[in-house]
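Enquirer: Can you keep this structure in mind? I'll have questions shortly.
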Amino acid sequence: MSEKKKTEQTPILKIEHMNITFTQYDRGMRQTELPVIRNLDVEVHAGEMVAVVGSSGSGKSLLAHGVMGVLPYNASMGGRILYCGEELTKQRIERLRGNEIVLVPQSIAYLNPLMKIGSQICKGSKDEKVKRKLRDIFARYSLKPEVEELYPFELSGGMNRRILISTALIEEPKLVIADEPTPGLDLKMAKRAMEHFRELADMGAGVLVITHDLELALETADRIAVFYAGTTLEEATVSDFEREETLRHPYSKALWRAMPKNGFGFVSGEQPYVKDLPGGCPFAPRCGRCTEECRKGEIPSREIRGGRVRCLHLEESFAE
Ligand SMILES: Nc1ncnc2c1ncn2[C@@H]1O[C@H](COP(=O)(O)OP(=O)(O)OP(=O)(O)O)[C@@H](O)[C@H]1O
Ligand code: NI
């Protein structure tokens with residue numbers, strides 16, 4: 001699909017200024033607020049596969065759960081989620097969840113331990129069409145037909161992971177959100193799963209894959225949202241990742257340098273825990289370009305060369 005056509009269409013999913021905050025009580029029963037996701041924007045169009053790439057604990061699963069309407073009771077969410085141009089209200093997501101909008105959850109603990117694999121995936125359906133689709137999916141993921149009659153505890157972790165993916169993909173979803181769908185899979189299976197998501201996008205669905213594996217994402221996705229400490233620092237096309245110079249944010253550039261083919265570059269320091277988040281840019285404490293300005297207030301998201309970025313130093317780095 002051409003870039004132009006893409007921007008003219010209403011996105012399947014549009015997340016605007018998403019905030020997710022936990023309310024906690026400390027020992028003195030004092031209430032504290034823990035802002036885990038702040039001001040996050042992401043868009044997914046029909047026919048597009050977007051990968052949200054971020055490290056552990058950055059809030060990726062919460063982003064998925066926020067869209068699916070399954071946040072824990074002590075979390076509150078702000079901002080707007082639009083599905084096909086209309087607000088995705090609680091009632092609407094409850095209706096669409098599991099059919100038009102599917103989640104591939106991060107943990108295989110989401111499988112029902114008391115239900116045989118076959119009926120679990122087909123959700124009890126006896127429909128011949130569903131059964132045929134199940135057989136196709138099994139063949140694709142190298143699962144023998146006998147597996148249908150087994151329970152999750154009888155399968156290995158990697159097999160259960162494939163079952164989890166199959167459970168979501170037996171539907172004909174318009175929007176797929178996959179939360180770390182590949183851990184525990186060998187490289188061949190991981191690639192097969194990503195290619196399966198790619199196919200769903202090519203058939204017209206919007207696909208949002210959440211992962212920490214940038215390299216795998218670059219092989220299959222169209223765009224990458226670089227996620228760090230609860231927000232997106234950059235949205236770039238996959239081709240922007242071919243060279244360090246075409247990337248916009250210093251953190252994305254650091255991720256680029258850390259890829260094996262680019263020399264395993266190392267950036268010192270750690271992603272801050274939400275409680276200790278500095279004001280301003282969350283990457284500031286680790287950034288070579290950081291100035292006083294970066295540590296003050298919110299860094300606005302700006303559009304530059306067809307992507308988006310939150311960084312104050314663009315003018316000098318892109319004087320070209
Ligand atoms: N119920 C909760 N109460 C308080 N804090 C929570 C709760 N659930 C998650 N968090 C915090 O929110 C942050 C983000 O969690 P989340 O599971 O979304 O991270 P993630 O990016 O998916 O990590 P991983 O790669 O390990 O799956 C973490 O720092 C976690 O401690
Ligand atoms: Ni997670």
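Going through the structure tokens in order, the chains are called A, B, and so on, while each chain numbers its residues from 1 and the ligands are numbered from 1 in the order shown.
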Identify, counting only C-alpha atoms and all ligand atoms, the protein, DNA and RNA residues located within 10 Å of ligand 1, and give them as number ranges by chain.
Expert: A: 20-24, 33-37, 52-66, 71-75, 106-107, 179-180, 210-212, 227-230, 272-275
Enquirer: Restrict the selected residues to N, CA and C atoms and save them as a short mmCIF file (atom, residue, chain, number, x, y, z; two decimals), in the first residue's frame.
Expert:
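Everything below was put into selection_33.cif:
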```cif
data_model
loop_
_atom_site.label_atom_id
_atom_site.label_comp_id
_atom_site.auth_asym_id
_atom_site.auth_seq_id
_atom_site.Cartn_x
_atom_site.Cartn_y
_atom_site.Cartn_z
N ILE A 20 -1.37 5.36 31.88
CA ILE A 20 -1.85 4.32 32.80
C ILE A 20 -1.14 4.52 34.13
N THR A 21 -1.95 4.64 35.18
CA THR A 21 -1.41 4.91 36.51
C THR A 21 -1.92 3.88 37.50
N PHE A 22 -1.02 3.38 38.33
CA PHE A 22 -1.43 2.48 39.41
C PHE A 22 -1.61 3.27 40.69
N THR A 23 -2.64 2.94 41.43
CA THR A 23 -2.80 3.53 42.76
C THR A 23 -2.36 2.47 43.75
N GLN A 24 -1.41 2.85 44.60
CA GLN A 24 -0.91 1.88 45.59
C GLN A 24 -0.99 2.49 46.97
N GLU A 33 0.64 7.30 43.70
CA GLU A 33 0.30 7.09 42.29
C GLU A 33 1.56 6.69 41.54
N LEU A 34 1.46 5.64 40.74
CA LEU A 34 2.60 5.16 39.99
C LEU A 34 2.29 5.27 38.49
N PRO A 35 2.76 6.35 37.85
CA PRO A 35 2.44 6.51 36.43
C PRO A 35 3.34 5.62 35.58
N VAL A 36 2.79 4.56 35.03
CA VAL A 36 3.61 3.59 34.30
C VAL A 36 3.69 3.91 32.81
N ILE A 37 2.56 4.33 32.24
CA ILE A 37 2.59 4.75 30.82
C ILE A 37 2.21 6.22 30.78
N VAL A 52 6.01 -2.67 18.52
CA VAL A 52 6.40 -1.83 19.64
C VAL A 52 7.59 -2.53 20.29
N VAL A 53 8.74 -1.88 20.23
CA VAL A 53 9.95 -2.53 20.71
C VAL A 53 10.44 -1.83 21.97
N GLY A 54 10.57 -2.59 23.04
CA GLY A 54 11.03 -1.99 24.28
C GLY A 54 11.57 -3.05 25.21
N SER A 55 12.34 -2.65 26.20
CA SER A 55 12.94 -3.64 27.09
C SER A 55 11.99 -4.00 28.22
N SER A 56 12.42 -4.92 29.06
CA SER A 56 11.57 -5.47 30.10
C SER A 56 11.14 -4.40 31.10
N GLY A 57 9.87 -4.49 31.50
CA GLY A 57 9.37 -3.57 32.53
C GLY A 57 9.05 -2.18 32.02
N SER A 58 9.05 -1.98 30.69
CA SER A 58 8.81 -0.63 30.19
C SER A 58 7.32 -0.31 30.04
N GLY A 59 6.45 -1.30 30.27
CA GLY A 59 5.01 -1.04 30.21
C GLY A 59 4.35 -1.60 28.96
N LYS A 60 5.01 -2.51 28.27
CA LYS A 60 4.49 -3.03 27.00
C LYS A 60 3.21 -3.84 27.20
N SER A 61 3.23 -4.72 28.21
CA SER A 61 2.03 -5.54 28.42
C SER A 61 0.86 -4.66 28.86
N LEU A 62 1.17 -3.64 29.65
CA LEU A 62 0.09 -2.75 30.10
C LEU A 62 -0.55 -2.03 28.92
N LEU A 63 0.26 -1.67 27.96
CA LEU A 63 -0.26 -1.05 26.75
C LEU A 63 -1.28 -2.00 26.09
N ALA A 64 -0.90 -3.28 25.95
CA ALA A 64 -1.79 -4.27 25.34
C ALA A 64 -3.06 -4.44 26.18
N HIS A 65 -2.88 -4.55 27.50
CA HIS A 65 -4.04 -4.78 28.37
C HIS A 65 -4.95 -3.55 28.40
N GLY A 66 -4.35 -2.38 28.27
CA GLY A 66 -5.13 -1.13 28.23
C GLY A 66 -6.06 -1.13 27.02
N LEU A 71 -7.15 -4.24 32.22
CA LEU A 71 -6.15 -3.77 33.19
C LEU A 71 -6.51 -4.24 34.59
N PRO A 72 -5.51 -4.37 35.48
CA PRO A 72 -5.85 -4.73 36.86
C PRO A 72 -6.70 -3.64 37.53
N TYR A 73 -7.42 -4.05 38.59
CA TYR A 73 -8.40 -3.14 39.21
C TYR A 73 -7.78 -1.85 39.75
N ASN A 74 -6.48 -1.93 40.14
CA ASN A 74 -5.86 -0.73 40.73
C ASN A 74 -5.19 0.17 39.68
N ALA A 75 -5.50 -0.07 38.41
CA ALA A 75 -4.93 0.78 37.35
C ALA A 75 -6.01 1.67 36.77
N GLN A 106 1.01 -12.61 26.68
CA GLN A 106 2.43 -12.89 26.89
C GLN A 106 2.66 -14.24 27.57
N SER A 107 1.71 -14.62 28.45
CA SER A 107 1.99 -15.80 29.27
C SER A 107 1.11 -16.97 28.87
N ASP A 179 1.42 -9.89 22.36
CA ASP A 179 2.31 -9.42 23.42
C ASP A 179 3.44 -10.44 23.60
N GLU A 180 4.62 -10.12 23.13
CA GLU A 180 5.78 -11.03 23.20
C GLU A 180 5.39 -12.43 22.76
N ILE A 210 4.14 -6.65 20.09
CA ILE A 210 4.93 -6.09 21.17
C ILE A 210 6.10 -7.03 21.42
N THR A 211 7.30 -6.52 21.37
CA THR A 211 8.46 -7.41 21.47
C THR A 211 9.69 -6.69 22.00
N HIS A 212 10.65 -7.48 22.51
CA HIS A 212 11.93 -6.83 22.83
C HIS A 212 12.94 -7.17 21.74
N PHE A 227 9.89 2.08 22.24
CA PHE A 227 9.22 2.28 23.53
C PHE A 227 10.27 2.31 24.63
N TYR A 228 10.16 3.27 25.53
CA TYR A 228 11.15 3.37 26.60
C TYR A 228 10.48 3.96 27.84
N ALA A 229 10.60 3.28 28.96
CA ALA A 229 10.07 3.77 30.23
C ALA A 229 8.66 4.36 30.11
N GLY A 230 7.78 3.61 29.45
CA GLY A 230 6.36 3.98 29.44
C GLY A 230 5.93 4.94 28.36
N PRO A 272 15.21 3.74 33.73
CA PRO A 272 14.77 4.06 35.09
C PRO A 272 13.47 3.35 35.46
N TYR A 273 13.34 2.98 36.72
CA TYR A 273 12.08 2.41 37.20
C TYR A 273 11.07 3.56 37.31
N VAL A 274 9.79 3.25 37.05
CA VAL A 274 8.79 4.32 37.01
C VAL A 274 8.81 5.25 38.23
N LYS A 275 9.11 4.68 39.38
CA LYS A 275 9.11 5.49 40.60
C LYS A 275 10.21 6.55 40.57
#
```
Enquirer: Using only C-alpha atoms, which protein or nucleic acid residues come within 6 Å of Ala221 (chain A)? Drop anything in the same chain fewer than 4 positions from it, and give the result as a VMD selection string.
Expert: chain A and resid 49 to 50 217
Enquirer: As a list in words, please: every residue in region 214-260 of chain A that DSSP puts in strand (DSSP E or B).
Expert: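 Residues of region 214-260 of chain A classed as strand (DSSP E or B): Arg223, Ile224, Ala225, Val226, Phe227, Tyr228, Thr231, Thr232, Leu233, Glu234, Glu235, Ala236 and Thr237 of chain A.
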Enquirer: List every residue of region 55-273 of chain A that DSSP, applied to the backbone, labels as alpha helix (DSSP H), and write the result as a ChimeraX atom specification.
Expert: /A:60-68,90-96,117-122,128-140,157-169,187-202,214-220,250-258
Enquirer: Would you kindly return, as a compact mmCIF listing (two decimals) with N, CA and C atoms, in the first residue's frame, each protein, DNA or RNA residue with an atom no farther than 6 Å from any atom of Glu100 (chain A), considering only C-alpha atoms and excluding same-chain residues fewer than 4 positions away?
Expert:
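Output saved as part_15.txt:
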```
# COMPACT_ATOMS: atom_id res chain seq x y z
N LEU A 96 -16.11 -6.84 21.14
CA LEU A 96 -15.22 -7.19 20.02
C LEU A 96 -14.06 -8.10 20.43
N PRO A 173 -9.55 -11.87 12.72
CA PRO A 173 -9.51 -10.58 13.40
C PRO A 173 -9.21 -9.41 12.47
N LYS A 174 -9.72 -8.25 12.86
CA LYS A 174 -9.40 -7.01 12.15
C LYS A 174 -8.20 -6.34 12.81
```
Enquirer: Ranking A:Cys281, A:Ile170, A:Leu143, A:Leu155 by minimum distance to Lys129 (chain A) and counting only C-alpha atoms, which one comes first?
Expert: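 Checking each candidate against Lys129 (chain A), we get A:Ile170 as the closest.
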Enquirer: Write out as a PyMOL selection string the residues lying within 10 Å of region 195-202 of chain A, counting only C-alpha atoms and excluding same-chain residues fewer than 6 positions away.
Expert: chain A and resi 1+45-50+137+140-141+165+169+172-178+189+208-209+219-222
Enquirer: When you count only C-alpha atoms, which of these residues is closest to Thr231 (chain A): A:Ile93, A:Ala254, A:Leu40, A:Leu312?
Expert: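 Checking each candidate against Thr231 (chain A), we get A:Leu40 as the closest.
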Enquirer: Of the residues A:Arg257, A:Tyr110, A:Leu233, A:Met68, which is the one nearest to Lys90 (chain A), using only C-alpha atoms?
Expert: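 Between A:Arg257, A:Tyr110, A:Leu233, A:Met68, the residue approaching Lys90 (chain A) most closely is A:Met68.
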Enquirer: Set the distance at 10 Å and use only C-alpha atoms: which residues neighbour Leu185 (chain A) once local chain neighbours fewer than 6 positions away are removed? I'd like the list as a VMD selection string.
Expert: chain A and resid 157 to 162 191 to 193
Enquirer: Which residue is closest to Arg308 (chain A)? Choose from A:Ala258, A:Ile12, A:Leu134, A:Val42 and count only C-alpha atoms.
Expert: A:Val42
Enquirer: I want to know what sits within 10 Å of Pro145 (chain A), based on only C-alpha atoms, with residues of the same chain fewer than 6 positions away left out; could you give that as a list in words?
Expert: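 Near neighbours after the sequence-gap exclusion: Gly118, Leu134, Arg135, Phe138 and Ala139 of chain A.
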Enquirer: Leaving out Cys84 (chain A) and any residue of its chain fewer than 2 positions from it, which residues lie within 7 Å of it when counting only C-alpha atoms, given as an MDAnalysis selection string?
Expert: chainID A and resid 10:13 82 86
Enquirer: Of the residues A:Ala190, A:Val207, A:Cys290, A:Val147, which is the one nearest to Ile101 (chain A), using only C-alpha atoms?
Expert: A:Val207
